[in-house]
Each structure stands twice: as C-alpha cells, then as structure tokens.
Amino acid sequence: MVVTESPQINAPARVPRKRAENGRRAAALLGSAIALAAVLVLSLGFGARQLSPAEVWHGLVDADSAAYTVVHQMRLPRTLLGLLAGVALGVAGGVMQALTRNPLADPGLLGINAGASAAVATAAGLLGVATFQGYVWFALAGAAAVSVLVYAVGGGRAATPARLALAGAAVNAALYSYVNGTMLLDAASLETMRFWTVGSLASAQGTTAAMTAPIVAVGLLLALALARPLNALALGDESARSLGAHPARVRAGAIVAVTLLCGAATAACGPIVFVGLMVPHLVRALTGPDQRWMLPCCALLAPVLLLGADVLGRLVARPGELQAGIVTAVLGGPLFLYFVRRKVRA
Amino acid sequence: MSAVRPMPVRRIAGGVPLRFRAVAVGAGCLLLALVFGVLAVGGGDYPMSPSDVVRTVLGGGSPAEDFIVNELRLPRVVTALLVGAALALAGAVFQSLVRNPLGSPDLLGFTQGSSAGALLVVVTGGGSAALAGGAVIGGIVTGVVIYALSWRGGLHGHRLVLVGIGATAILTGVNGYLLTRGRLMEAARAMLWLTGSLDGRGWGDVLPLLAAMAVLAPVVLLGCARPLSLLEMGDDLARGLGVRVQGVRLVLLAAAVLLTSLAAAAAGPVSFVALTAPHLARRMTRAPGPNLLASACTGAALLTGADLAAQRLFAGHQLPVGVVTGVLGGGYLVWLLAAQRKAGRI
Amino acid sequence: MTETIAPETSGRGYGVAGMHDDGPRLSGDALTLSYDKRVVAEGLDVAIPDRSFTVIIGPNACGKSTLLRALARTLRPAAGTVLLDGRDITSLPVKTVARTLGLLPQTSVAPDGITVAELVGRGRYPHQRLLRQWSADDERVVRESMEATGVADLAGRPVDELSGGQRQRVWIAMALAQETPLLLLDEPTTYLDIAHQIEVLDLCARLHEERGRTLVAVLHDLNHAARYATHLIAMRDGRVVAAGAPGEVMTAGLVEDVFRLPCRVIDDPETGTPLVVPAARRRAESAARTTS
C-alpha cells in the first residue's frame with residue numbers, strides 16, 4: 001500500500017473573502033437556474049412527434065390547439081416528474097454525503113432505491129397493487145428500512161468510502177436478487193417490472209406527478225432546514241455537539257428527508273443511480289462545502305441532469321427511446337470511475 | 001518480564017493442529033456435499049435408495065437406473081459441486097485480495113459482466129451453447145477492463161473495490177436495458193438464467209468447468225495460498241518477505257475471474273455462494289488467512305445443499321437454486337453487516 | 001529483562017554473491033525517488049555501514065521513509081540503483097533478497113484472529129519452498145525469535161488482544177524470524193508510550209550488539225536517535241545533509257539547519273551521547289531577531 005506523505009489538507013488556510021465568495025455562489029445558483037429553465041424547455045419541445053416551439057407554446061396555453069393533448073397528457077407530466085425526481089435524488093445525494101461524511105454516498109449505490117424497488121416489487125408481484133397511489137407507500141417504507149440499515153452501517157463511526165460503498169453494494173445485490181425472484185414468479189409482473197426497474201420517465205401521468213410533488217416538497221423543506229446543522233455535523237460529532245447541534249436529532253431528520261425523497265422518486269420512475277452521486281460533486285466544486293448553498297444548488301442542477309438524460313435518451317434511440325436510468329448509468333459510471341481514479345489513493 | 005517458559009507444544013507456529021483442523025473441515029464439507037448429492041440423485045419421479053444410487057454410480061445398476069442416474073441426474077449434482085467449489089474459491093481469493101470480507105465477485109462487477117454477455121446472446125436469440133460462451137466472454141472482458149481501470153502504478157485492493165462497484169452499477173443498468181429489449185419469452189428465459197438454475201444440466205455443461213478446475217485449483221491452492229496469506233498483511237511486508245506482489249495478484253485475479261465466469265456459464269450467476277462460503281469456512285476452521293481449500297469444499301456443500309432444498313422444499317414445484325442461495329445469502333448478509341459493524345470493521 | 005539471548009546458531013550462510021569486501025553491503029547510488037510523478041528525492045547517495053545501527057532522521061516529508069522503502073526494494077527508484085552486495089537489488093531473485101534483507105513497514109495488518117506464533121511463523125516464507133513447507137529449522141528459529149523479543153509467553157495469544165508495545169515486539173519477532181543479516185525498520189516506535197519506545201529500542205540495540213546484525217531505522221525522536229545509533233543520516237528536502245557518528249553529526253547547528261529549530265546540545269547524563277534541548281520561546285525569538 002502506498003504511503004502518501006503529504007497530509008490531507010481540507011480547510012483552506014486563508015480567510016475567505018466573504019463577499020467575493022458569496023458572489024461566486026450566487027452566480028452558480030443563477031447559472032443552475034438558467035440551465036434548468038433551458039432543459040425544461042427542451043424536455044417540452046422534444047418528443048416522438050415533431051412540434052415547432054410555437055406549436056408547443058400553443059399546446060401549453062391554448063386548450064383548443066392541436067398539440068394540447070400531446071403537451072398536457074404526455075410532455076408536461078413527464079417534464080414535471082423529471083423535475084421532481086431530479087430534485088429529490090440530487091438533494092438526497094447531497095444530504096447523504098454530508099451525513100455519512102463520505103464522498104461516494106449515493107442513494108442508488110447504497111441501496112436505498114433498491115429498497116424502494118423491492119417493496120414495490122412485493123406490492124406489485126405478490127399483493128397485486130398496480131397503481132402508483134397504491135405502491136408509493138410501499139416504496140417509502142422500503143426506502144425507510146434501507147436508510148436505517150445504511151445509517152446503522154455507515155452513519156455513526158467514520159466508515160471509509162470503500163467499505164461503505166461495498167456494504168451498499170451488498171445490500172443492493174441482496175435486494176435485486178429478491179426483485180428478480182418476484183419477477184420469476186409470474187410473467188405479468190415481469191412484463192411491467194422489467195421496464196420499471198431500469199428507471200424511466202416514459203410512463204409519467206399527471207396523477208403521478210401530483211402525488212409525488214407534496215412528498216418531495218416536504219423532504220426538500222426538511223433537507224433545507226437541516227443545512228446548517230449538517231454543516232456542524234461535518235466537523236464530527238464531538239465538535240457538532242460543542243457547537244450546539246444535536247447529532248442524533250439531525251441524523252434522524254436527515255434520514256426522514258432522504259427516505260421521503262428517495263422513496264417518492266423511486267416509486268415514480270424506478271431506481272435511478274448516479275444522479276445523487278454526480279450532482280453534489282459538481283456542485284461542491286462550484287459552491288464549496290457549505291450545505292446552505294450546496295443543497296439549493298443540487299436541487300436546481302440535478303433535474304438538469306435527469307431531464308437532460310431523458311431528452312438525450314429520446315434523441316439517440318429514435319424512433320424508440322433509451323430510458324433515463326440507463327443514460328445516467330452509462331454517463332455517470334465513467335464519471336464515478338474518474339473520481340475513483342483521481343481521488344482515491346491506495 | 002518473567003523468564004522464558006517452554007512453549008506449549010500444541011500452539012506451535014504454523015502448527016500441525018491448525019492445519020489438521022482445516023483439512024478436517026474440508027473433508028467434512030466434502031462428505032456432506034456427497035451426501036447431499038446422493039440424496040439429490042435419489043429423489044424425483046423415480047425414487048431410489050441411497051445405496052442403489054451409490055451402486056449405480058459405481059456401475060452396478062440396471063440399464064434403466066444407469067440412464068436415470070448417470071445421464072439425467074448425476075450431471076446436475078456434479079455441476080452443483082463444481083460451481084459451488086469454483087465460486088467459493090474465487091470468493092475467498094477476492095476477499096483476501098481486497099482485504100475486505102464483502103469483496104466477492106458478485107459485488108465487484110465480474111458476475112454482472114457475465115450476465116451482460118449472456119443477456120446479449122439471449123436478446124439476439126442465441127442457443128444455450130452461445131449463452132455459455134457469452135457468459136465466459138462477458139466475464140473475462142469485464143475482468144480485464146476492471147483490472148486495467150484499477151491499475152495505476154500497481155494494483156491496490158482499495159481501488160479495485162470502487163472500480164468494481166462502479167462497473168456493477170453501470171452493468172446493472174445495461175442488463176436492465178437488455179432485458180427490456182427482448183420479447184417476453186426471451187425475457188423470462190433470461191430472468192431464469194440471471195437467477196441461477198441447475199435444471200437440465202448435461203455432461204456438456206460440466207466439462208469446461210471441470211477442465212478449468214483441474215488446472216486452476218492446483219495453481220491457486222498449491223502455488224498461491226502462501227503468498228496470498230502474506231499479501232493480507234500489506235504489500236510492503238509481503239514484498240519484503242520475497243513475494244512477487246503484482247505477479248501473484250495478477251495470477252490470482254485471472255484465476256478467480258476465469259472460475260467465476262465458467263461457473264456462471266454452467267449455472268448462471270448464482271448469488272452469494274462466493275460471499276458466504278469463505279466466511280463459513282473461516283468460522284469452522286478458526287484459522288486466519290484465506291482458507292482456500294476449506295472454502296472450496298464449503299461452497300460445494302452449500303450449493304449441493306441449496307439445490308437439494310430447491311428441488312424438495314415445495315412438493316411438485318422446483319425453485320431455481322439461485323432463489324434459495326439468494327434468500328439464505330441475504331439473511332446471512334444482514335447478520336454479517338451487523339456483526340462487522342459491531343466489530344468496527346465496516 | 002532477565003532472559004538471555006540465544007546465540008546465533010543458524011548454520012545457514014548469509015550472503016548473496018558470496019564474499020565481497022569492497023564497500024558496504026547495502027548502498028544507494030544516485031537515487032531519484034518519486035510517487036507517481038511527485039519527485040521526493042533526486043540524486044541521493046547513501047551507504048549503510050556494515051554491522052551498524054543506522055538511524056535516519058529528518059523533518060516530516062523529507063523523504064526518509066521513501067528512502068527506506070527504496071533500500072528495501074518496495075519502491076523502485078525512478079533513476080539510480082540500490083546495490084545489495086555489489087549488485088542491483090532489482091536484478092536479484094526476490095526470495096534471495098528476502099533472505100538477506102528484512103523490512104518492517106509501518107502499514108502492516110495482522111489478519112483477524114492470527115496468533116503470535118503463527119504471525120512470527122509467516123516470517124519464514126523466504127526460507128520455504130513448495131515441497132518443504134515447514135521444517136524443524138523453521139520451528140527453532142520461530143521459537144528463538146519469540147524468546148529474543150520476549151513474546152514467547154504470548155505464543156498462543158491472538159495478536160489483536162495484545163497491547164501496542166507487545167504487538168510491535170511481535171512484528172519485530174516476525175522480522176527476526178526472516179533471519180536476515182540486514183533489517184530495516186520504518187518508525188518502529190510510533191504510537192508507543194515512552195516506556196514501550198525504550199523497550200523496543202533496547203531490543204534493537206541488543207539485536208545489533210549481540211547478533212551483529214545491520215539495522216536501519218527511521219526515528220522521529222532526536223534524542224533516541226543520538227542515544228541508540230552508531231551511524232546517523234540526517235535528511236532534508238530529499239537530500240542527505242549530514243552522515244556520521246552521532247557525536248559528530250548531532251550539533252546545534254545541524255538541528256537548526258535540518259529542523260529549523262533553535263536548540264542547545266548537551267551531554268546525555270546517562271550515556272554521554274548528544275542530548276538536544278529545544279530553546280525556550282523567548283530565547284528563540286531573540287535569536288531569530290539577531291540573525292535576521
């Protein structure tokens with residue numbers, strides 16, 4: 001094992017020039033908002049049927065136009081769902097990385113999305129629950145169970161990135177073999193589940209988005225409220241306590257937030273990996289490690305990624321489409337490997 | 001400090017008693033595996049007593065018995081023995097190489113590589129020989145890619161784990177996509193293969209794995225066991241003791257990847273045998289180090305036992321063996337995570 | 001300590017290339033050492049005097065551990081050669097080197113549940129072959145090594161249960177069981193309290209004096225270095241600043257040069273070796289003012 005001699009220096013030695021720093025962060029936030037607006041427009045504008053921007057606009061506002069049905073029944077729900085799921089996964093990833101003090105934490109890699117999947121598979125395959133309104137609660141329960149497990153494994157003592165990731169991979173493997181087992185039992189659930197497990201926005205309906213929105217909103221508000229105590233927790237439990245934070249309460253709150261966000265996102269569009277990993281990394285480079293800036297920025301940038309992946313999937317595989325979950329895995333995987341090769345010294 | 005007392009003889013370094021224990025555990029597990037095998041051969045639509053089974057295997061049965069035992073049922077049992085032993089051996093090697101009790105090939109992407117290769121064959125409509133070939137090629141290609149990506153001035157366990165987990169996540173996405181591409185019949189066939197099953201195995205499925213075990217098991221067990229046990233203590237120390245660190249590691253990795261892929265080709269990616277067998281072996285031998293021989297025998301007993309249970313558990317309904325190992329392995333994993341956490345090793 | 005050290009009874013001859021009398025057995029010639037692309041040392045020449053207890057000192061990140069790893073051929077030099085018995089160490093068979101030169105690195109991991117005797121036994125690896133795995137000779141050497149380090153009583157205990165000082169002695173016993181005339185130790189006293197540090201260093205000194213082994217150690221404590229070393233190598237920024245007997249090398253001027261630490265050097269009342277006493281803050285500040 002290579003012994004690196006240079007000590008790891010985390011905190012910058014110089015005092016940050018507060019105003020310039022905040023200016024840079026505000027610029028990052030503004031840039032993210034603009035990118036989000038752009039990708040929302042793209043998501044509404046691209047689809048199986050070619051529509052001009054003017055037609056899309058009319059379809060959006062004018063109930064009598066020819067494009068009204070396409071836009072309102074298909075593209076708007078899909079775009080809204082991508083927005084909600086992206087926000088949820090990005091913020092959940094940021095919270096988890098802060099909570100575990102581990103840069104490789106991701107709701108997908110650590111098995112939380114798989115926990116929700118397993119619960120949905122149980123509901124769909126064994127109990128015959130077929131509607132989103134029915135199985136969203138199962139997804140939340142499954143996500144909660146795995147969140148608690150992952151927290152128990154990696155939350156308290158400082159686990160190394162490799163060990164936590166491996167524990168998550170093991171949980172993932174166990175849950176996916178369970179999901180596969182339920183799919184084997186009857187062909188009907190295989191037919192629906194094999195499309196759902198790759199993670200896709202394609203089956204979005206208006207009711208799904210309407211149902212997901214309040215859950216994601218609650219999770220988001222909770223996460224934002226925890227930003228300041230999470231900053232304190234980043235220094236270690238002892239320091240956090242001496243700064244007046246309650247580590248146990250903050251953790252409990254963070255787990256609830258992650259559960260709500262991941263459970264809702266997974267129920268709505270299937271397990272999607274890497275969004276929760278990549279976005280906080282990008283954002284940290286833009287805003288620095290302050291959660292009060294990071295989490296809002298994650299909330300803006302993550303849907304850019306997810307919707308971007310969705311649009312890309314619709315473009316590259318025309319006239320069919322590539323599911324967003326596959327695009328993020330294929331794009332995010334190499335990025336993950338890049339981080340690993342660059343950051344992790346043996 | 002007190003004067004030196006003569007050492008108790010029983011505790012002699014590298015001593016005979018400990019080796020004896022390891023050999024006894026190996027022999028015991030092998031015997032158990034054979035008993036399971038005899039029971040499995042004796043069951044089915046044409047039940048036979050264990051003594052009849054042994055007599056027929058040794059060549060003393062009637063032509064009908066000879067056909068049923070030696071052509072229909074024996075290949076399945078031999079496949080189970082070999083696949084269990086190969087997976088467990090590969091698992092023990094991986095866990096030792098990455099110095100982590102969770103570092104088994106099903107979590108590090110090698111098995112998913114085999115799955116991707118096999119799924120590609122299924123989706124393009126290939127036969128079962130092509131499927132086995134696809135599994136082997138997929139596993140080997142993945143092994144080479146992971147090895148290349150983990151290499152940076154030497155191979156380190158740490159980075160291998162993270163690169164492997166990244167590969168797992170990407171390949172899980174790819175495999176999900178391949179599942180959505182096929183028709184429902186193909187998807188069902190692929191799903192059965194992905195779970196791992198020993199149904200209808202003939203001698204043709206056994207031979208490649210048998211040949212590989214005949215060559216690789218001696219290489220690993222005789223040639224590499226000692227250097228591997230020194231590698232566990234750190235690269236510098238092993239090198240100081242005269243181990244060719246990178247060379248030994250390359251040989252071991254290559255052997256483990258080959259064994260994993262060939263086992264997958266013979267029975268599908270049966271989950272958790274590679275993870276649990278080395279643990280059980282270690283608990284029984286109570287010896288430190290990789291415990292390669294005992295692990296291989298434990299794996300053989302585990303898989304033959306699981307297959308027997310899969311055939312008999314539900315009367316009239318055969319489960320794929322992967323479901324049994326998945327359920328058992330998942331439960332074991334939860335226990336393991338809790339125990340590791342308590343011991344501060346995760 | 002009351003136990004007596006068993007005399008070196010091994011009949012096995014040391015040596016790689018037979019006799020050779022010119023120059024020391026281990027030396028480094030124009031070494032350039034680097035991790036990835038970060039160069040730690042360039043054009044480094046060192047010689048380890050035979051039968052010496054050589055101690056390498058220097059501030060953090062001066063390249064002393066790196067040098068030790070290069071001498072033990074766990075780090076391949078980017079340029080230059082490490083010579084063992086007059087031959088390039090990288091050209092020798094690895095097991096031959098392992099029978100001549102032992103290394104105790106800082107980052108060793110004891111496998112879970114391994115006993116003291118088993119761990120020490122693993123040091124016999126370079127003497128074993130595929131067909132002759134464990135011999136009476138191995139048995140004897142392991143026992144002697146444990147007796148020499150005072151861990152024979154612990155032979156059957158799991159290593160994880162031992163105290164830090166005991167554990168370090170077990171690792172040293174493992175290195176002894178390797179039966180090498182040259183032994184390299186990377187900071188053998190780190191993480192030990194003062195009593196255990198002295199215990200380990202006394203042990204090293206006995207190994208050096210009574211068995212005539214050549215020892216090379218990286219140490220942080222200057223006073224320990226001055227007391228135990230027969231030969232000192234002082235490094236800074238990847239260069240050897242001074243080398244020689246401690247009495248000549250360890251001067252106030254050198255310590256200030258190497259560590260940027262104003263100090264006085266007096267005689268150790270116990271041994272008469274140099275004793276470094278850092279200057280009090282006020283004196284140091286005034287000294288800094290007068291020099292600037």
# chains A, B, ... in the order shown; residues from 1 in each chain; ligands from 1
>>> interface_residues(of="chain B", to="chain A", cutoff="8 Å", atoms="only C-alpha atoms", output="PyMOL selection string")
chain B and resi 100+102-103+106-107+149-150+156-159+161-163+165-167+169-170+173-174+176-177+179-180+184+188+191-192+195+234-236+271+323+326-327+329-330+333+337-338+341+346
>>> write_last_selection(atoms="C-alpha atoms", output="PDB file, in the first residue's frame")
ATOM      1  CA  ASN B 100     -12.497  -6.971   2.845  1.00  0.00           C
ATOM      2  CA  LEU B 102     -17.561  -8.248   1.462  1.00  0.00           C
ATOM      3  CA  GLY B 103     -15.268  -8.300  -1.568  1.00  0.00           C
ATOM      4  CA  ASP B 106     -20.866 -10.700  -7.381  1.00  0.00           C
ATOM      5  CA  LEU B 107     -20.370  -7.301  -5.740  1.00  0.00           C
ATOM      6  CA  LEU B 149      -9.005   0.740 -14.753  1.00  0.00           C
ATOM      7  CA  SER B 150      -7.790  -0.173 -11.259  1.00  0.00           C
ATOM      8  CA  HIS B 156      -4.479  -1.848  -4.984  1.00  0.00           C
ATOM      9  CA  GLY B 157      -7.383  -3.595  -3.303  1.00  0.00           C
ATOM     10  CA  HIS B 158      -8.993  -0.336  -2.380  1.00  0.00           C
ATOM     11  CA  ARG B 159      -9.311   0.963  -5.891  1.00  0.00           C
ATOM     12  CA  VAL B 161     -13.339  -2.368  -4.880  1.00  0.00           C
ATOM     13  CA  LEU B 162     -14.507   1.062  -6.006  1.00  0.00           C
ATOM     14  CA  VAL B 163     -13.924   0.454  -9.705  1.00  0.00           C
ATOM     15  CA  ILE B 165     -18.735  -1.194  -7.685  1.00  0.00           C
ATOM     16  CA  GLY B 166     -18.849   1.419 -10.428  1.00  0.00           C
ATOM     17  CA  ALA B 167     -18.776  -1.348 -13.024  1.00  0.00           C
ATOM     18  CA  ALA B 169     -23.795  -0.116 -11.286  1.00  0.00           C
ATOM     19  CA  ILE B 170     -23.167   0.524 -14.990  1.00  0.00           C
ATOM     20  CA  GLY B 173     -28.193  -0.514 -15.999  1.00  0.00           C
ATOM     21  CA  VAL B 174     -27.042  -2.189 -19.197  1.00  0.00           C
ATOM     22  CA  GLY B 176     -31.841  -3.873 -17.320  1.00  0.00           C
ATOM     23  CA  TYR B 177     -31.842  -2.313 -20.763  1.00  0.00           C
ATOM     24  CA  LEU B 179     -33.993  -7.192 -20.528  1.00  0.00           C
ATOM     25  CA  THR B 180     -36.365  -4.575 -21.914  1.00  0.00           C
ATOM     26  CA  LEU B 184     -41.476 -11.550 -23.083  1.00  0.00           C
ATOM     27  CA  ALA B 188     -38.420 -14.888 -18.996  1.00  0.00           C
ATOM     28  CA  MET B 191     -34.598 -13.949 -15.971  1.00  0.00           C
ATOM     29  CA  LEU B 192     -34.348 -17.638 -15.133  1.00  0.00           C
ATOM     30  CA  THR B 195     -31.322 -16.128 -11.066  1.00  0.00           C
ATOM     31  CA  GLY B 234       0.260  -5.444   3.482  1.00  0.00           C
ATOM     32  CA  ASP B 235       2.098  -5.102   0.179  1.00  0.00           C
ATOM     33  CA  ASP B 236       5.347  -3.771   1.635  1.00  0.00           C
ATOM     34  CA  SER B 271     -25.709 -15.292  -5.895  1.00  0.00           C
ATOM     35  CA  VAL B 323     -33.604 -18.195  -5.212  1.00  0.00           C
ATOM     36  CA  GLY B 326     -30.332 -15.513  -2.571  1.00  0.00           C
ATOM     37  CA  VAL B 327     -32.678 -15.820   0.383  1.00  0.00           C
ATOM     38  CA  GLY B 329     -27.344 -15.247   1.490  1.00  0.00           C
ATOM     39  CA  GLY B 330     -29.438 -12.121   2.035  1.00  0.00           C
ATOM     40  CA  LEU B 333     -25.540 -10.668   4.783  1.00  0.00           C
ATOM     41  CA  LEU B 337     -23.220  -6.360   8.322  1.00  0.00           C
ATOM     42  CA  ALA B 338     -24.434  -6.129  11.896  1.00  0.00           C
ATOM     43  CA  ARG B 341     -20.375  -3.068  12.332  1.00  0.00           C
ATOM     44  CA  ILE B 346     -17.075  -1.526   8.163  1.00  0.00           C
TER      45      ILE B 346
END
>>> select_by_dssp(residues="stretch 60-245 of chain C", states="strand (DSSP E)", output="NGL selection string")
:C and (79-84 or 87-88 or 101-104 or 182-186 or 214-218 or 231-236 or 239-244)
>>> closest_residue(among="C:Leu31, C:Leu201, C:Ala61, C:Ala47", to="chain A", atoms="only C-alpha atoms")
C:Ala61
>>> interface_residues(of="chain C", to="chain B", cutoff="6 Å", atoms="only C-alpha atoms", output="ChimeraX atom specification")
/C:1,3,74,94-95,98,102-103,108-110,113-114,117-118,121,126,156
>>> closest_atom_pairs(of="chain C", to="chain A", cutoff="12 Å", atoms="only C-alpha atoms", output="JSON lines")
{"residue": "C:Ser34", "atom": "CA", "partner": "A:Thr4", "partner_atom": "CA", "distance": 10.9}
{"residue": "C:Tyr35", "atom": "CA", "partner": "A:Thr4", "partner_atom": "CA", "distance": 8.3}
{"residue": "C:Asp36", "atom": "CA", "partner": "A:Val2", "partner_atom": "CA", "distance": 10.3}
{"residue": "C:Arg38", "atom": "CA", "partner": "A:Thr4", "partner_atom": "CA", "distance": 10.6}
{"residue": "C:Val39", "atom": "CA", "partner": "A:Glu5", "partner_atom": "CA", "distance": 11.8}
{"residue": "C:Val40", "atom": "CA", "partner": "A:Glu5", "partner_atom": "CA", "distance": 9.6}
{"residue": "C:Pro59", "atom": "CA", "partner": "A:Glu5", "partner_atom": "CA", "distance": 11.6}
{"residue": "C:Asn60", "atom": "CA", "partner": "A:Glu5", "partner_atom": "CA", "distance": 8.0}
{"residue": "C:Ala61", "atom": "CA", "partner": "A:Glu5", "partner_atom": "CA", "distance": 5.7}
{"residue": "C:Cys62", "atom": "CA", "partner": "A:Glu5", "partner_atom": "CA", "distance": 9.1}
{"residue": "C:Gly63", "atom": "CA", "partner": "A:Glu5", "partner_atom": "CA", "distance": 8.4}
{"residue": "C:Lys64", "atom": "CA", "partner": "A:Glu5", "partner_atom": "CA", "distance": 10.2}
{"residue": "C:Ser65", "atom": "CA", "partner": "A:Glu5", "partner_atom": "CA", "distance": 8.8}
{"residue": "C:Thr66", "atom": "CA", "partner": "A:Val3", "partner_atom": "CA", "distance": 8.8}
{"residue": "C:Arg69", "atom": "CA", "partner": "A:Val3", "partner_atom": "CA", "distance": 10.1}
{"residue": "C:Thr74", "atom": "CA", "partner": "A:Val2", "partner_atom": "CA", "distance": 9.7}
{"residue": "C:Leu75", "atom": "CA", "partner": "A:Val2", "partner_atom": "CA", "distance": 9.1}
{"residue": "C:Pro105", "atom": "CA", "partner": "A:Val3", "partner_atom": "CA", "distance": 10.1}
{"residue": "C:Gln106", "atom": "CA", "partner": "A:Val3", "partner_atom": "CA", "distance": 9.0}
{"residue": "C:Thr107", "atom": "CA", "partner": "A:Met1", "partner_atom": "CA", "distance": 7.6}
{"residue": "C:Ser108", "atom": "CA", "partner": "A:Met1", "partner_atom": "CA", "distance": 9.2}
{"residue": "C:Val109", "atom": "CA", "partner": "A:Met1", "partner_atom": "CA", "distance": 10.8}
{"residue": "C:Asp186", "atom": "CA", "partner": "A:Val3", "partner_atom": "CA", "distance": 11.6}
>>> write_last_selection(atoms="C-alpha atoms", output="PDB file, in the first residue's frame")
ATOM      1  CA  SER C  34       9.108   9.503  -6.736  1.00  0.00           C
ATOM      2  CA  TYR C  35       5.472   8.583  -6.187  1.00  0.00           C
ATOM      3  CA  ASP C  36       3.590   8.758  -9.467  1.00  0.00           C
ATOM      4  CA  ARG C  38       5.838  13.689  -7.482  1.00  0.00           C
ATOM      5  CA  VAL C  39       9.607  13.595  -7.057  1.00  0.00           C
ATOM      6  CA  VAL C  40      10.635  13.111  -3.413  1.00  0.00           C
ATOM      7  CA  PRO C  59      11.549  16.606   9.360  1.00  0.00           C
ATOM      8  CA  ASN C  60       8.175  15.351   8.086  1.00  0.00           C
ATOM      9  CA  ALA C  61       8.042  14.657   4.359  1.00  0.00           C
ATOM     10  CA  CYS C  62      11.819  14.891   3.902  1.00  0.00           C
ATOM     11  CA  GLY C  63      11.827  11.513   2.152  1.00  0.00           C
ATOM     12  CA  LYS C  64      13.257   9.328   4.909  1.00  0.00           C
ATOM     13  CA  SER C  65      10.560   6.643   4.775  1.00  0.00           C
ATOM     14  CA  THR C  66      10.728   6.796   0.994  1.00  0.00           C
ATOM     15  CA  ARG C  69      11.321   1.739   1.082  1.00  0.00           C
ATOM     16  CA  THR C  74       9.431  -1.968  -2.134  1.00  0.00           C
ATOM     17  CA  LEU C  75       9.729   1.269  -4.126  1.00  0.00           C
ATOM     18  CA  PRO C 105       6.918  -1.410   7.284  1.00  0.00           C
ATOM     19  CA  GLN C 106       4.634   0.956   9.160  1.00  0.00           C
ATOM     20  CA  THR C 107       1.487  -0.215   7.430  1.00  0.00           C
ATOM     21  CA  SER C 108       1.281  -3.892   8.273  1.00  0.00           C
ATOM     22  CA  VAL C 109      -2.036  -5.542   9.004  1.00  0.00           C
ATOM     23  CA  ASP C 186      10.181   2.151   9.489  1.00  0.00           C
TER      24      ASP C 186
END
>>> atom_distance(atom1="atom CA of B:Ala294", atom2="atom CA of B:Phe20")
11.2 Å
>>> residues_around(residues="stretch 241-248 of chain C", least_positions_apart="6", cutoff="6 Å", atoms="only C-alpha atoms", output="VMD selection string")
chain C and resid 226 230 to 235
>>> write_last_selection(atoms="N, CA and C atoms", output="CSV table (one decimal), in the first residue's frame")
chain,number,residue,atom,x,y,z
C,226,ALA,N,20.1,9.8,18.8
C,226,ALA,CA,21.5,10.0,19.2
C,226,ALA,C,22.0,9.0,20.2
C,230,THR,N,24.6,4.0,15.9
C,230,THR,CA,26.1,4.1,15.7
C,230,THR,C,26.4,5.0,14.5
C,231,HIS,N,25.4,5.2,13.7
C,231,HIS,CA,25.6,6.0,12.5
C,231,HIS,C,24.3,6.7,12.2
C,232,LEU,N,24.4,8.0,12.0
C,232,LEU,CA,23.2,8.9,11.8
C,232,LEU,C,23.2,9.4,10.4
C,233,ILE,N,22.0,9.4,9.8
C,233,ILE,CA,21.9,10.1,8.5
C,233,ILE,C,20.8,11.1,8.7
C,234,ALA,N,21.1,12.4,8.4
C,234,ALA,CA,20.2,13.5,8.6
C,234,ALA,C,19.7,13.9,7.2
C,235,MET,N,18.4,14.0,7.0
C,235,MET,CA,17.9,14.4,5.6
C,235,MET,C,17.0,15.6,5.7
>>> closest_residue(among="A:Arg251, A:Arg78, A:His58, A:His72", to="A:Tyr151", atoms="only C-alpha atoms")
A:Arg251
>>> residues_around(residues="C:Leu44", least_positions_apart="5", cutoff="7 Å", atoms="only C-alpha atoms", output="list in words")
Asp29, Ala30, Leu31, Thr32 and Arg239 of chain C
>>> select_by_dssp(residues="stretch 54-281 of chain B", states="alpha helix (DSSP H)", output="VMD selection string")
chain B and resid 54 to 57 63 to 66 74 to 97 110 to 123 128 to 150 157 to 181 184 to 195 203 to 218 225 to 231 235 to 240 245 to 267 273 to 281
